[in-house]
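Colleague: My file is upload.cif. It has mmCIF, C-alpha atoms:
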data_work
#
loop_
_atom_site.label_atom_id
_atom_site.label_comp_id
_atom_site.auth_asym_id
_atom_site.auth_seq_id
_atom_site.Cartn_x
_atom_site.Cartn_y
_atom_site.Cartn_z
CA MET U 500 11.96 -21.14 -2.56
CA ARG U 501 15.41 -19.72 -2.11
CA LEU U 502 18.93 -20.79 -2.84
CA MET U 503 21.43 -18.90 -0.78
CA ALA U 504 25.20 -18.94 -0.71
CA GLU U 505 27.10 -17.16 1.99
CA ASN U 506 30.75 -16.18 1.74
CA LEU U 507 31.80 -19.19 -0.28
CA SER U 508 35.50 -19.82 -0.71
CA ALA U 509 37.17 -22.73 -2.39
CA HIS U 510 40.70 -24.03 -2.64
CA ARG U 511 42.14 -26.38 -5.15
CA GLY U 512 45.24 -27.82 -3.60
CA GLU U 513 47.01 -24.86 -2.03
CA ASP U 514 45.58 -22.26 -4.39
CA LEU U 515 42.62 -20.12 -3.51
CA ILE U 516 40.21 -20.19 -6.45
CA PHE U 517 37.66 -17.69 -5.16
CA SER U 518 36.57 -16.25 -1.86
CA ASN U 519 33.63 -14.49 -0.29
CA ILE U 520 31.05 -15.15 -2.96
CA SER U 521 27.48 -14.68 -1.83
CA PHE U 522 24.26 -14.77 -3.77
CA ASN U 523 20.60 -15.16 -3.08
CA LEU U 524 18.26 -16.57 -5.71
CA ARG U 525 14.48 -16.62 -5.44
CA ARG U 526 11.78 -18.23 -7.58
CA GLY U 527 12.25 -17.55 -11.26
CA GLU U 528 15.69 -16.00 -10.90
CA ALA U 529 18.80 -16.91 -12.79
CA LEU U 530 22.46 -16.35 -12.07
CA VAL U 531 24.86 -16.35 -14.98
CA LEU U 532 28.57 -16.82 -14.36
CA THR U 533 31.02 -15.47 -16.86
CA GLY U 534 34.77 -15.16 -16.85
CA ARG U 535 37.81 -16.47 -18.63
CA ASN U 536 38.93 -20.10 -18.54
CA GLY U 537 40.22 -21.17 -15.19
CA SER U 538 38.54 -18.37 -13.30
CA GLY U 539 36.62 -20.81 -11.13
CA LYS U 540 33.17 -20.95 -12.72
CA SER U 541 32.99 -24.73 -12.75
CA THR U 542 34.42 -24.93 -9.26
CA LEU U 543 31.76 -22.58 -7.94
CA LEU U 544 29.02 -24.63 -9.59
CA ARG U 545 30.46 -27.86 -8.17
CA VAL U 546 30.59 -26.28 -4.72
CA VAL U 547 26.91 -25.32 -4.98
CA ALA U 548 26.11 -28.85 -6.17
CA GLY U 549 27.84 -30.22 -3.08
CA LEU U 550 30.52 -32.01 -5.07
CA ILE U 551 33.38 -29.97 -3.66
CA ARG U 552 33.48 -29.02 -0.04
CA PRO U 553 33.88 -25.24 0.29
CA ALA U 554 36.84 -23.99 2.30
CA ALA U 555 34.52 -21.51 3.96
CA GLY U 556 30.90 -20.47 3.76
CA GLN U 557 27.80 -22.49 3.08
CA VAL U 558 25.05 -23.13 0.58
CA GLU U 559 21.52 -23.26 1.88
CA TRP U 560 18.25 -24.28 0.33
CA ARG U 561 14.84 -23.26 1.63
CA GLY U 562 11.79 -24.97 0.22
CA ALA U 563 8.43 -23.53 -0.66
CA ASP U 564 7.42 -23.26 3.00
CA GLY U 565 10.56 -21.27 3.80
CA GLN U 566 11.88 -24.00 6.03
CA LYS U 567 15.31 -25.50 5.89
CA GLY U 568 14.71 -29.01 4.70
CA VAL U 569 16.90 -30.96 2.40
CA ASN U 570 20.49 -30.34 1.41
CA ALA U 571 20.93 -27.80 -1.34
CA ALA U 572 22.43 -30.49 -3.58
CA GLU U 573 19.25 -32.54 -3.46
CA ALA U 574 17.21 -29.70 -4.93
CA CYS U 575 19.59 -29.39 -7.88
CA HIS U 576 20.03 -30.86 -11.30
CA TYR U 577 23.66 -30.71 -12.35
CA LEU U 578 24.60 -30.73 -16.01
CA GLY U 579 28.38 -30.78 -16.09
CA HIS U 580 30.88 -31.10 -18.90
CA ARG U 581 30.23 -34.81 -19.05
CA ASN U 582 26.80 -36.03 -20.00
CA ALA U 583 26.29 -38.74 -17.34
CA MET U 584 24.74 -41.11 -19.86
CA LYS U 585 25.93 -44.62 -20.67
CA PRO U 586 26.99 -45.11 -24.30
CA GLU U 587 26.08 -48.81 -24.20
CA LEU U 588 22.44 -48.21 -23.24
CA THR U 589 19.79 -46.75 -25.49
CA VAL U 590 18.68 -43.18 -24.97
CA ALA U 591 15.32 -44.35 -23.60
CA GLU U 592 17.01 -46.69 -21.10
CA ASN U 593 19.32 -43.90 -19.97
CA LEU U 594 16.47 -41.47 -19.44
CA ALA U 595 14.31 -44.11 -17.74
CA PHE U 596 17.13 -44.89 -15.33
CA TRP U 597 17.64 -41.27 -14.34
CA ARG U 598 13.88 -40.74 -13.99
CA ASP U 599 13.56 -43.74 -11.67
CA PHE U 600 16.74 -43.02 -9.77
CA LEU U 601 16.37 -39.26 -9.31
CA ARG U 602 12.59 -39.26 -8.76
CA ASP U 603 10.56 -36.06 -8.74
CA MET U 604 11.19 -33.69 -5.89
CA GLU U 605 8.25 -32.33 -3.97
CA GLY U 606 6.51 -29.46 -5.70
CA GLY U 607 6.60 -30.58 -9.30
CA SER U 608 6.74 -33.49 -11.67
CA GLY U 609 8.84 -34.38 -14.65
CA VAL U 610 7.55 -35.07 -18.13
CA THR U 611 7.55 -38.52 -19.72
CA ILE U 612 10.58 -39.74 -21.64
CA GLY U 613 8.84 -39.32 -24.99
CA GLU U 614 7.83 -35.76 -24.17
CA ALA U 615 11.31 -34.87 -22.94
CA ALA U 616 12.83 -36.17 -26.17
CA GLU U 617 10.29 -34.17 -28.16
CA MET U 618 11.15 -31.07 -26.16
CA VAL U 619 14.78 -31.33 -27.24
CA GLU U 620 13.54 -32.13 -30.76
CA LEU U 621 14.99 -35.61 -30.90
CA GLY U 622 11.86 -37.72 -30.43
CA ALA U 623 12.70 -40.15 -33.21
CA ILE U 624 15.97 -41.56 -31.90
CA LEU U 625 15.04 -42.82 -28.45
CA HIS U 626 15.77 -46.41 -29.47
CA LEU U 627 19.41 -45.77 -30.46
CA PRO U 628 22.32 -46.48 -28.14
CA PHE U 629 23.53 -43.21 -26.65
CA GLY U 630 27.03 -43.82 -28.01
CA TYR U 631 25.73 -43.68 -31.61
CA LEU U 632 24.59 -40.08 -31.32
CA SER U 633 26.63 -37.09 -32.41
CA ALA U 634 28.15 -34.83 -29.78
CA GLY U 635 25.40 -32.25 -30.21
CA GLN U 636 22.63 -34.86 -30.01
CA GLN U 637 24.25 -36.32 -26.90
CA ARG U 638 24.28 -32.91 -25.29
CA ARG U 639 20.60 -32.40 -26.09
CA MET U 640 19.71 -35.79 -24.64
CA ALA U 641 21.73 -34.98 -21.53
CA PHE U 642 19.59 -31.88 -21.25
CA ALA U 643 16.43 -33.99 -21.61
CA LYS U 644 17.55 -35.69 -18.40
CA LEU U 645 16.74 -32.46 -16.55
CA LEU U 646 13.17 -32.66 -17.78
CA VAL U 647 12.25 -36.22 -16.77
CA ALA U 648 12.70 -35.62 -13.03
CA TYR U 649 11.67 -32.39 -11.36
CA ARG U 650 14.26 -30.33 -9.53
CA PRO U 651 13.69 -26.64 -8.76
CA VAL U 652 17.33 -25.67 -9.32
CA TRP U 653 19.26 -26.29 -12.52
CA ILE U 654 23.02 -25.98 -12.39
CA LEU U 655 24.36 -25.80 -15.92
CA ASP U 656 28.06 -25.83 -16.69
CA GLU U 657 28.66 -24.72 -20.28
CA PRO U 658 25.33 -26.21 -21.39
CA THR U 659 25.76 -25.15 -25.00
CA ALA U 660 29.17 -26.67 -25.68
CA ALA U 661 29.06 -28.62 -28.99
CA LEU U 662 25.70 -27.15 -29.98
CA ASP U 663 24.61 -25.33 -33.11
CA THR U 664 22.70 -22.04 -32.98
CA SER U 665 19.25 -23.61 -33.29
CA ALA U 666 19.99 -25.89 -30.34
CA GLU U 667 21.26 -22.90 -28.38
CA ALA U 668 17.94 -21.19 -28.98
CA LEU U 669 16.17 -24.39 -27.95
CA PHE U 670 18.10 -24.57 -24.67
CA ALA U 671 17.41 -20.89 -23.99
CA ARG U 672 13.71 -21.57 -24.55
CA LEU U 673 13.71 -24.51 -22.14
CA ILE U 674 15.59 -22.45 -19.54
CA ARG U 675 13.08 -19.62 -19.92
CA ALA U 676 10.23 -22.09 -19.47
CA HIS U 677 11.87 -23.44 -16.31
CA LEU U 678 12.34 -19.93 -14.91
CA HIS U 679 8.79 -19.04 -15.84
CA ALA U 680 7.54 -22.06 -13.89
CA GLY U 681 9.30 -20.74 -10.80
CA GLY U 682 12.59 -22.57 -11.14
CA ILE U 683 16.08 -21.30 -10.41
CA VAL U 684 18.98 -21.52 -12.83
CA LEU U 685 22.71 -21.19 -12.26
CA ALA U 686 24.67 -21.26 -15.48
CA ALA U 687 28.26 -20.78 -16.48
CA THR U 688 28.57 -19.89 -20.11
CA HIS U 689 30.71 -18.21 -22.73
CA GLN U 690 28.07 -17.87 -25.42
CA PRO U 691 25.39 -15.37 -24.50
CA LEU U 692 22.21 -17.35 -23.95
CA ASP U 693 18.91 -15.76 -24.72
CA PHE U 694 17.24 -15.62 -21.35
CA VAL U 695 16.91 -12.90 -18.77
CA ALA U 696 19.51 -13.30 -16.09
CA SER U 697 18.48 -11.47 -12.96
CA GLN U 698 22.00 -11.62 -11.59
CA ARG U 699 25.40 -11.85 -13.16
CA LEU U 700 28.68 -12.72 -11.61
CA GLU U 701 31.93 -12.20 -13.41
CA MET U 702 34.66 -14.42 -12.12
CA LYS U 703 38.10 -12.86 -12.40
CA GLY U 704 40.40 -15.54 -11.12
CA PHE U 705 41.13 -14.74 -7.54
CA GLN U 706 39.28 -11.45 -7.60
CA TYR U 707 35.68 -11.13 -8.62
CA ALA U 708 33.22 -8.38 -9.25
CA ASP U 709 29.62 -8.74 -8.24
CA MET U 710 27.72 -6.71 -10.78
CA GLU U 711 24.45 -4.95 -10.35
CA GLU U 712 21.25 -6.92 -10.11
CA GLY U 713 18.99 -6.85 -13.14
CA ILE U 714 20.18 -6.30 -16.65
CA MET A 1242 17.64 -48.46 -6.16
CA THR A 1243 16.11 -51.24 -8.26
CA ALA A 1244 16.69 -48.98 -11.25
CA LEU A 1245 20.40 -48.79 -10.42
CA LEU A 1246 20.63 -52.56 -9.97
CA LEU A 1247 18.92 -53.24 -13.28
CA ARG A 1248 20.99 -50.66 -15.11
CA ASP A 1249 24.26 -52.11 -13.82
CA LEU A 1250 23.19 -55.64 -14.74
CA LYS A 1251 22.22 -54.46 -18.22
CA LEU A 1252 25.52 -52.65 -18.64
CA SER A 1253 27.51 -55.71 -17.67
CA ILE A 1254 25.96 -57.89 -20.35
CA ARG A 1255 26.05 -55.26 -23.09
CA ALA A 1256 29.10 -54.88 -25.31
CA GLY A 1257 32.15 -53.93 -23.30
CA GLY A 1258 30.56 -54.90 -20.00
CA GLY A 1259 32.98 -57.76 -19.54
CA ALA A 1260 30.81 -60.08 -17.44
CA LEU A 1261 32.21 -63.09 -19.27
CA ILE A 1262 35.82 -61.94 -19.22
CA GLY A 1263 36.11 -63.04 -15.60
CA VAL A 1264 34.75 -66.52 -16.35
CA LEU A 1265 37.12 -66.92 -19.29
CA PHE A 1266 40.05 -65.83 -17.15
CA PHE A 1267 38.97 -68.24 -14.40
CA MET A 1268 38.78 -71.12 -16.89
CA THR A 1269 42.16 -70.23 -18.36
CA VAL A 1270 43.87 -70.18 -14.97
CA VAL A 1271 42.39 -73.49 -13.81
CA ALA A 1272 42.72 -75.23 -17.17
CA VAL A 1273 46.46 -74.67 -17.46
CA ILE A 1274 47.22 -76.01 -13.97
CA PRO A 1275 46.96 -79.73 -14.98
CA PHE A 1276 49.39 -79.07 -17.83
CA GLY A 1277 51.77 -77.37 -15.45
CA VAL A 1278 51.80 -79.90 -12.61
CA GLY A 1279 51.46 -83.00 -14.80
CA PRO A 1280 48.76 -85.68 -15.04
CA ASP A 1281 49.05 -86.91 -11.45
CA LEU A 1282 45.37 -87.42 -10.63
CA ASN A 1283 45.88 -87.79 -6.88
CA LEU A 1284 47.92 -84.63 -6.69
CA LEU A 1285 45.37 -82.73 -8.78
CA SER A 1286 42.45 -83.78 -6.63
CA ARG A 1287 44.43 -82.84 -3.52
CA ILE A 1288 45.30 -79.33 -4.69
CA GLY A 1289 42.01 -78.91 -6.60
CA PRO A 1290 39.97 -76.90 -4.07
CA ALA A 1291 42.86 -74.49 -3.49
CA ILE A 1292 43.44 -73.95 -7.20
CA VAL A 1293 39.76 -73.34 -7.93
CA TRP A 1294 39.59 -70.87 -5.04
CA ILE A 1295 42.73 -69.00 -6.15
CA GLY A 1296 41.44 -68.85 -9.71
CA ALA A 1297 38.09 -67.50 -8.54
CA LEU A 1298 39.81 -64.94 -6.30
CA LEU A 1299 41.94 -63.58 -9.13
CA ALA A 1300 39.04 -63.58 -11.58
CA ALA A 1301 36.82 -61.76 -9.09
CA LEU A 1302 39.43 -59.01 -8.68
CA LEU A 1303 39.80 -58.63 -12.43
CA GLY A 1304 36.92 -56.29 -13.24
CA LEU A 1305 36.68 -54.53 -9.91
CA ASP A 1306 38.62 -51.40 -10.80
CA ARG A 1307 35.90 -50.43 -13.29
CA LEU A 1308 33.21 -50.46 -10.60
CA PHE A 1309 33.27 -46.70 -10.01
CA GLN A 1310 35.68 -45.57 -12.71
CA THR A 1311 33.20 -45.89 -15.57
CA GLU A 1312 30.71 -43.89 -13.53
CA ARG A 1313 33.27 -41.19 -12.96
CA GLU A 1314 34.40 -41.02 -16.57
CA ASP A 1315 30.95 -40.23 -17.94
CA GLY A 1316 29.95 -37.95 -15.07
CA SER A 1317 27.30 -40.23 -13.56
CA LEU A 1318 29.21 -40.40 -10.29
CA ASP A 1319 28.53 -36.68 -9.68
CA LEU A 1320 24.80 -37.26 -9.92
CA LEU A 1321 24.95 -40.36 -7.73
CA LEU A 1322 26.80 -38.35 -5.08
CA MET A 1323 24.24 -35.54 -5.09
CA GLN A 1324 21.17 -37.63 -4.29
CA GLU A 1325 19.37 -38.06 -1.04
CA HIS A 1326 19.80 -41.83 -1.15
CA PRO A 1327 22.50 -42.68 1.35
CA LEU A 1328 25.71 -43.19 -0.60
CA VAL A 1329 26.36 -46.37 1.40
CA LEU A 1330 23.21 -47.87 -0.09
CA VAL A 1331 24.20 -46.85 -3.61
CA VAL A 1332 27.58 -48.54 -3.14
CA LEU A 1333 25.92 -51.64 -1.69
CA VAL A 1334 23.59 -51.93 -4.67
CA LYS A 1335 26.46 -51.46 -7.10
CA CYS A 1336 28.40 -54.19 -5.29
CA LEU A 1337 25.41 -56.53 -5.49
CA ALA A 1338 25.03 -55.87 -9.21
CA HIS A 1339 28.73 -56.45 -9.74
CA TRP A 1340 28.61 -59.68 -7.77
CA LEU A 1341 25.55 -60.96 -9.65
CA ALA A 1342 26.99 -60.16 -13.06
CA ASN A 1343 30.67 -60.92 -12.60
CA VAL A 1344 31.17 -63.24 -9.65
CA LEU A 1345 28.08 -65.45 -9.62
CA PRO A 1346 29.05 -66.85 -13.07
CA LEU A 1347 32.37 -67.90 -11.51
CA VAL A 1348 30.52 -69.79 -8.77
CA ILE A 1349 28.38 -71.48 -11.41
CA ALA A 1350 31.40 -72.39 -13.53
CA SER A 1351 33.35 -73.80 -10.58
CA PRO A 1352 31.88 -77.38 -10.69
CA LEU A 1353 33.06 -77.76 -14.28
CA LEU A 1354 36.52 -76.60 -13.35
CA GLY A 1355 36.43 -78.94 -10.36
CA LEU A 1356 36.12 -81.80 -12.87
CA PHE A 1357 39.28 -80.54 -14.60
CA MET A 1358 41.02 -80.96 -11.25
CA ASN A 1359 39.70 -84.51 -10.69
CA MET A 1360 37.80 -83.50 -7.56
CA ASP A 1361 35.09 -85.78 -6.19
CA GLU A 1362 31.46 -84.70 -5.81
CA VAL A 1363 31.71 -83.73 -2.15
CA ALA A 1364 34.74 -81.56 -2.79
CA ILE A 1365 33.07 -79.90 -5.79
CA GLY A 1366 29.96 -79.20 -3.75
CA ALA A 1367 32.01 -77.82 -0.87
CA VAL A 1368 34.03 -75.52 -3.12
CA MET A 1369 30.89 -74.23 -4.79
CA LEU A 1370 29.20 -73.60 -1.45
CA THR A 1371 32.21 -71.85 0.07
CA LEU A 1372 32.64 -69.73 -3.07
CA LEU A 1373 28.98 -68.77 -2.96
CA VAL A 1374 29.30 -67.67 0.65
CA GLY A 1375 32.79 -66.20 0.51
CA SER A 1376 32.89 -64.40 -2.82
CA PRO A 1377 30.61 -61.48 -1.84
CA ALA A 1378 33.30 -60.52 0.68
CA LEU A 1379 35.78 -60.19 -2.20
CA THR A 1380 33.46 -57.76 -3.99
CA PHE A 1381 32.86 -55.68 -0.86
CA ILE A 1382 36.57 -55.48 -0.07
CA GLY A 1383 37.34 -54.69 -3.68
CA ALA A 1384 34.79 -51.87 -3.69
CA VAL A 1385 36.89 -50.01 -1.12
CA GLY A 1386 39.97 -50.37 -3.29
CA ALA A 1387 38.03 -49.30 -6.38
CA ALA A 1388 36.70 -46.23 -4.57
CA VAL A 1389 40.15 -45.23 -3.30
CA ALA A 1390 41.67 -45.57 -6.78
CA VAL A 1391 38.72 -43.98 -8.61
CA THR A 1392 40.63 -40.87 -9.64
CA LEU A 1393 43.71 -42.75 -10.83
CA PRO A 1394 43.69 -43.29 -14.59
CA ARG A 1395 45.47 -46.65 -14.43
CA GLY A 1396 44.29 -47.92 -11.10
CA GLY A 1397 43.54 -51.49 -12.27
CA LEU A 1398 46.50 -53.37 -10.88
CA LEU A 1399 46.76 -51.02 -7.93
CA VAL A 1400 43.24 -51.96 -6.82
CA SER A 1401 44.11 -55.66 -6.91
CA ILE A 1402 47.30 -55.12 -4.92
CA LEU A 1403 45.56 -52.86 -2.40
CA VAL A 1404 42.81 -55.34 -1.63
CA LEU A 1405 44.75 -58.59 -1.91
CA PRO A 1406 45.98 -58.63 1.71
CA LEU A 1407 42.41 -58.17 2.91
CA CYS A 1408 41.25 -61.00 0.65
CA VAL A 1409 43.72 -63.47 2.13
CA PRO A 1410 41.53 -64.37 5.16
CA VAL A 1411 38.65 -65.10 2.80
CA LEU A 1412 40.90 -67.42 0.81
CA ILE A 1413 42.27 -69.15 3.91
CA PHE A 1414 38.89 -69.91 5.44
CA GLY A 1415 37.29 -70.73 2.10
CA VAL A 1416 39.94 -73.28 1.25
CA SER A 1417 40.12 -74.75 4.74
CA ALA A 1418 36.35 -75.20 4.83
CA SER A 1419 36.51 -76.95 1.44
CA TYR A 1420 39.24 -79.28 2.65
CA ALA A 1421 37.38 -79.95 5.89
CA ALA A 1422 34.46 -81.28 3.86
CA VAL A 1423 36.60 -83.98 2.25
CA GLU A 1424 39.20 -84.76 4.92
CA ASP A 1425 37.63 -86.50 7.85
CA PRO A 1426 39.19 -85.26 11.09
CA ALA A 1427 38.82 -81.54 10.35
CA PRO A 1428 35.41 -80.06 11.19
CA PHE A 1429 33.64 -78.25 8.34
CA LEU A 1430 31.43 -75.91 10.28
CA PRO A 1431 33.88 -73.62 12.15
CA PRO A 1432 35.83 -72.37 9.10
CA PHE A 1433 32.60 -72.13 7.13
CA LEU A 1434 30.95 -70.02 9.80
CA ILE A 1435 34.00 -67.77 10.04
CA LEU A 1436 33.82 -67.34 6.25
CA THR A 1437 30.16 -66.35 6.57
CA ALA A 1438 31.09 -63.92 9.32
CA ILE A 1439 33.81 -62.34 7.15
CA THR A 1440 31.30 -61.80 4.36
CA MET A 1441 28.75 -60.22 6.68
CA PHE A 1442 31.42 -58.08 8.31
CA PHE A 1443 32.63 -56.69 4.98
CA ALA A 1444 29.08 -56.28 3.69
CA VAL A 1445 28.82 -53.54 6.32
CA LEU A 1446 32.38 -52.20 6.39
CA GLY A 1447 33.02 -52.31 2.62
CA PRO A 1448 30.21 -49.97 1.50
CA VAL A 1449 30.90 -47.58 4.40
CA GLY A 1450 34.59 -47.40 3.51
CA ALA A 1451 33.91 -47.05 -0.19
CA ALA A 1452 31.32 -44.31 0.37
CA LEU A 1453 33.78 -42.41 2.55
CA ALA A 1454 36.49 -42.69 -0.10
CA LEU A 1455 34.13 -41.55 -2.87
CA ARG A 1456 32.98 -38.52 -0.89
CA ASN A 1457 36.55 -37.42 -0.40
CA ALA A 1458 37.68 -38.15 -3.92
CA GLY A 1459 35.95 -34.92 -5.01
CA ASP A 1460 37.69 -32.88 -7.64
#
Could you quickly redo this structure as structure tokens?
Modeller:
Amino acid sequence: MRLMAENLSAHRGEDLIFSNISFNLRRGEALVLTGRNGSGKSTLLRVVAGLIRPAAGQVEWRGADGQKGVNAAEACHYLGHRNAMKPELTVAENLAFWRDFLRDMEGGSGVTIGEAAEMVELGAILHLPFGYLSAGQQRRMAFAKLLVAYRPVWILDEPTAALDTSAEALFARLIRAHLHAGGIVLAATHQPLDFVASQRLEMKGFQYADMEEGI
Amino acid sequence: MTALLLRDLKLSIRAGGGALIGVLFFMTVVAVIPFGVGPDLNLLSRIGPAIVWIGALLAALLGLDRLFQTEREDGSLDLLLMQEHPLVLVVLVKCLAHWLANVLPLVIASPLLGLFMNMDEVAIGAVMLTLLVGSPALTFIGAVGAAVAVTLPRGGLLVSILVLPLCVPVLIFGVSASYAAVEDPAPFLPPFLILTAITMFFAVLGPVGAALALRNAGD
């Protein structure tokens, strides 16, 4: 399994946000994006997720057999700033919808809704409407969405916003477990998260510095 | 896809879904007409089919702007866009759910409102049938408007104005088919078949247009 990006550039309006970014992620590797606000971290993640068309370059996904198959976006889970859950529905209904709609990708399977809620340590509140939860609980449940349907690549945009330190540790643990199982993680974050990032990319507005592999 | 249909139906009947708002608006529009034009029963029964159709048209456009906007606000639209399901199919299913939850109640309420307008049974039946056949076209046309205006924070009225010209043919053939059922010389079938054709035409073109607009609305 490989996720490759070649010479990605993106514009927003007339302004160039970043250019010539390349990376190559294999099984169990993680790429952490850092940089100040507005440096283009979210834009890069949205480009990889196929939500913004890059001005140049391409993102490519190769499956387990090394063949080009599906679009890169289809192999990805995307956890953005917004949680993509409906406040009117209960947590269980939200998770069940995403499980049925996303479906497992080839090569793995998601856990059940109950297990996913237990994994984010909120097993007791599945019956509540999502809108009743606190911001931190909502974020954790949004993360549980990544567990109910299997995707090899997780794209996480500020996953730990609105979380306390114990939840940060919990997320880091889940990310480590995903990497250990052969998954790939792309994360943009300000808080240092406790997992081993094999590659780091510091976004510096228009200019960027690709730092050494391995920390 | 069934999951998406069921979720949208559930959302529309939960608090804030607004499935009944359209019906209430429809009833309000039609109920005030007799007070406005006066208690002339002949006049009312003559203009009845047109009034019921206009009321249904306006009520059907009422909730359309929220079709994709709620999805965008909570980030669900991003995930819908990323999937392998063809986006056209996703839009089609969302349109179906919207029609079932918001427009079908209007069709069901129309016989009652026909009584308000002193319409006879044939006219009521004809209006209900033409609404049933013609109203999906309104949803499909409206979906394009909703997709184009998805990034605009106050796109509600804009959507209605954008799609209104395209809805006019639906209104014309719907009303003329209803009149043809009650007035003898005019044939019922030709306008009714054209109405059916319009619905089928927009069932294809609407989702394609909306999917194209959503893909390019990226931000």
Colleague: With a cut-off of 8 Å, could you pull out the residues of chain U touching chain A and give me the nearest pair of atoms for each, distance in Å to one decimal, using all atoms listed in the file, ordered by chain and ascending number, as JSON lines?
Modeller:
{"residue": "U:Ala548", "atom": "CA", "partner": "A:Met1323", "partner_atom": "CA", "distance": 7.0}
{"residue": "U:Gly549", "atom": "CA", "partner": "A:Met1323", "partner_atom": "CA", "distance": 6.7}
{"residue": "U:Leu550", "atom": "CA", "partner": "A:Gly1459", "partner_atom": "CA", "distance": 6.2}
{"residue": "U:Ile551", "atom": "CA", "partner": "A:Gly1459", "partner_atom": "CA", "distance": 5.7}
{"residue": "U:Ala572", "atom": "CA", "partner": "A:Met1323", "partner_atom": "CA", "distance": 5.6}
{"residue": "U:Glu573", "atom": "CA", "partner": "A:Gln1324", "partner_atom": "CA", "distance": 5.5}
{"residue": "U:Tyr577", "atom": "CA", "partner": "A:Leu1320", "partner_atom": "CA", "distance": 7.1}
{"residue": "U:Gly579", "atom": "CA", "partner": "A:Gly1316", "partner_atom": "CA", "distance": 7.4}
{"residue": "U:His580", "atom": "CA", "partner": "A:Gly1316", "partner_atom": "CA", "distance": 7.9}
{"residue": "U:Arg581", "atom": "CA", "partner": "A:Gly1316", "partner_atom": "CA", "distance": 5.1}
{"residue": "U:Asn582", "atom": "CA", "partner": "A:Gly1316", "partner_atom": "CA", "distance": 6.2}
{"residue": "U:Ala583", "atom": "CA", "partner": "A:Ser1317", "partner_atom": "CA", "distance": 4.2}
{"residue": "U:Met584", "atom": "CA", "partner": "A:Asp1315", "partner_atom": "CA", "distance": 6.6}
{"residue": "U:Lys585", "atom": "CA", "partner": "A:Asp1315", "partner_atom": "CA", "distance": 7.2}
{"residue": "U:Glu587", "atom": "CA", "partner": "A:Arg1255", "partner_atom": "CA", "distance": 6.5}
{"residue": "U:Leu588", "atom": "CA", "partner": "A:Leu1252", "partner_atom": "CA", "distance": 7.1}
{"residue": "U:Phe596", "atom": "CA", "partner": "A:Ala1244", "partner_atom": "CA", "distance": 5.8}
{"residue": "U:Asp599", "atom": "CA", "partner": "A:Ala1244", "partner_atom": "CA", "distance": 6.1}
{"residue": "U:Phe600", "atom": "CA", "partner": "A:Ala1244", "partner_atom": "CA", "distance": 6.1}
{"residue": "U:Leu601", "atom": "CA", "partner": "A:Gln1324", "partner_atom": "CA", "distance": 7.1}
Colleague: For the structure shown, which residues end up in the PyMOL selection byres ((chain A and resi 1447-1453) around 6)? Put them as a short mmCIF file (atom, residue, chain, number, x, y, z; two decimals) with C-alpha atoms, in the frame of the given file, please?
Modeller:
data_model
loop_
_atom_site.label_atom_id
_atom_site.label_comp_id
_atom_site.auth_asym_id
_atom_site.auth_seq_id
_atom_site.Cartn_x
_atom_site.Cartn_y
_atom_site.Cartn_z
CA LEU A 1328 25.71 -43.19 -0.60
CA VAL A 1329 26.36 -46.37 1.40
CA VAL A 1332 27.58 -48.54 -3.14
CA LEU A 1333 25.92 -51.64 -1.69
CA PHE A 1381 32.86 -55.68 -0.86
CA ILE A 1382 36.57 -55.48 -0.07
CA VAL A 1385 36.89 -50.01 -1.12
CA ALA A 1388 36.70 -46.23 -4.57
CA PHE A 1443 32.63 -56.69 4.98
CA ALA A 1444 29.08 -56.28 3.69
CA VAL A 1445 28.82 -53.54 6.32
CA LEU A 1446 32.38 -52.20 6.39
CA ALA A 1454 36.49 -42.69 -0.10
CA LEU A 1455 34.13 -41.55 -2.87
CA ARG A 1456 32.98 -38.52 -0.89
#
Colleague: For the PyMOL selection byres ((chain U and resi 695-699) around 12), applied here, can you spell out every residue it catches as a count of residues only?
Modeller: 44
Colleague: Please evaluate the PyMOL selection byres ((chain A and resi 1263) around 8) against the displayed coordinates and give the resulting residues as a ChimeraX atom specification.
Modeller: /A:1259-1262,1264-1267,1300-1301,1303-1304,1343-1344,1347
Colleague: What is the atom CA of A:Leu1330 to atom CA of A:Leu1308 distance in Å?
Modeller: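 Atom CA of A:Leu1308 lies 14.7 Å from atom CA of A:Leu1330.
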Colleague: As an exercise, work out the distance from atom CA of A:Val1374 to atom CA of A:Ile1349 in Å and give it to one decimal place.
Modeller: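 We find that atom CA of A:Val1374 and atom CA of A:Ile1349 lie 12.7 Å from each other.
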Colleague: Please define a box with edges along x, y and z of the file around all atoms of stretch 1297-1309 of chain A given in the file, extend it by 3 Å on each side, and return its centre and edge lengths in Å to one decimal, as JSON.
Modeller:
{"center_x": 37.6, "center_y": -57.1, "center_z": -9.8, "size_x": 14.7, "size_y": 26.8, "size_z": 13.0}
Colleague: Grab the atom CA of U:Ala666 to atom CA of U:Lys644 distance for me, in Å with one decimal place.
Modeller: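 Result for atom CA of U:Ala666 versus atom CA of U:Lys644: 15.6 Å, one decimal.
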Colleague: Skipping near chain neighbours, those fewer than 5 positions away, what residues fall within 8 Å of U:Gly635 using only C-alpha atoms, listed as a PyMOL selection string?
Modeller: chain U and resi 661-663
Colleague: Save out the residues we just selected, C-alpha atoms, as a JSON list (two decimals), in the coordinates of the input.
Modeller:
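Generated file (part.json):
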[["chain", "number", "residue", "atom", "x", "y", "z"],
["U", 661, "ALA", "CA", 29.06, -28.62, -28.99],
["U", 662, "LEU", "CA", 25.70, -27.15, -29.98],
["U", 663, "ASP", "CA", 24.61, -25.33, -33.11]]
Colleague: Within 7 Å of A:Asp1306, counting only C-alpha atoms, which residues qualify if same-chain residues fewer than 6 places away don't, as number ranges by chain?
Modeller: A: 1387, 1396-1397, 1400
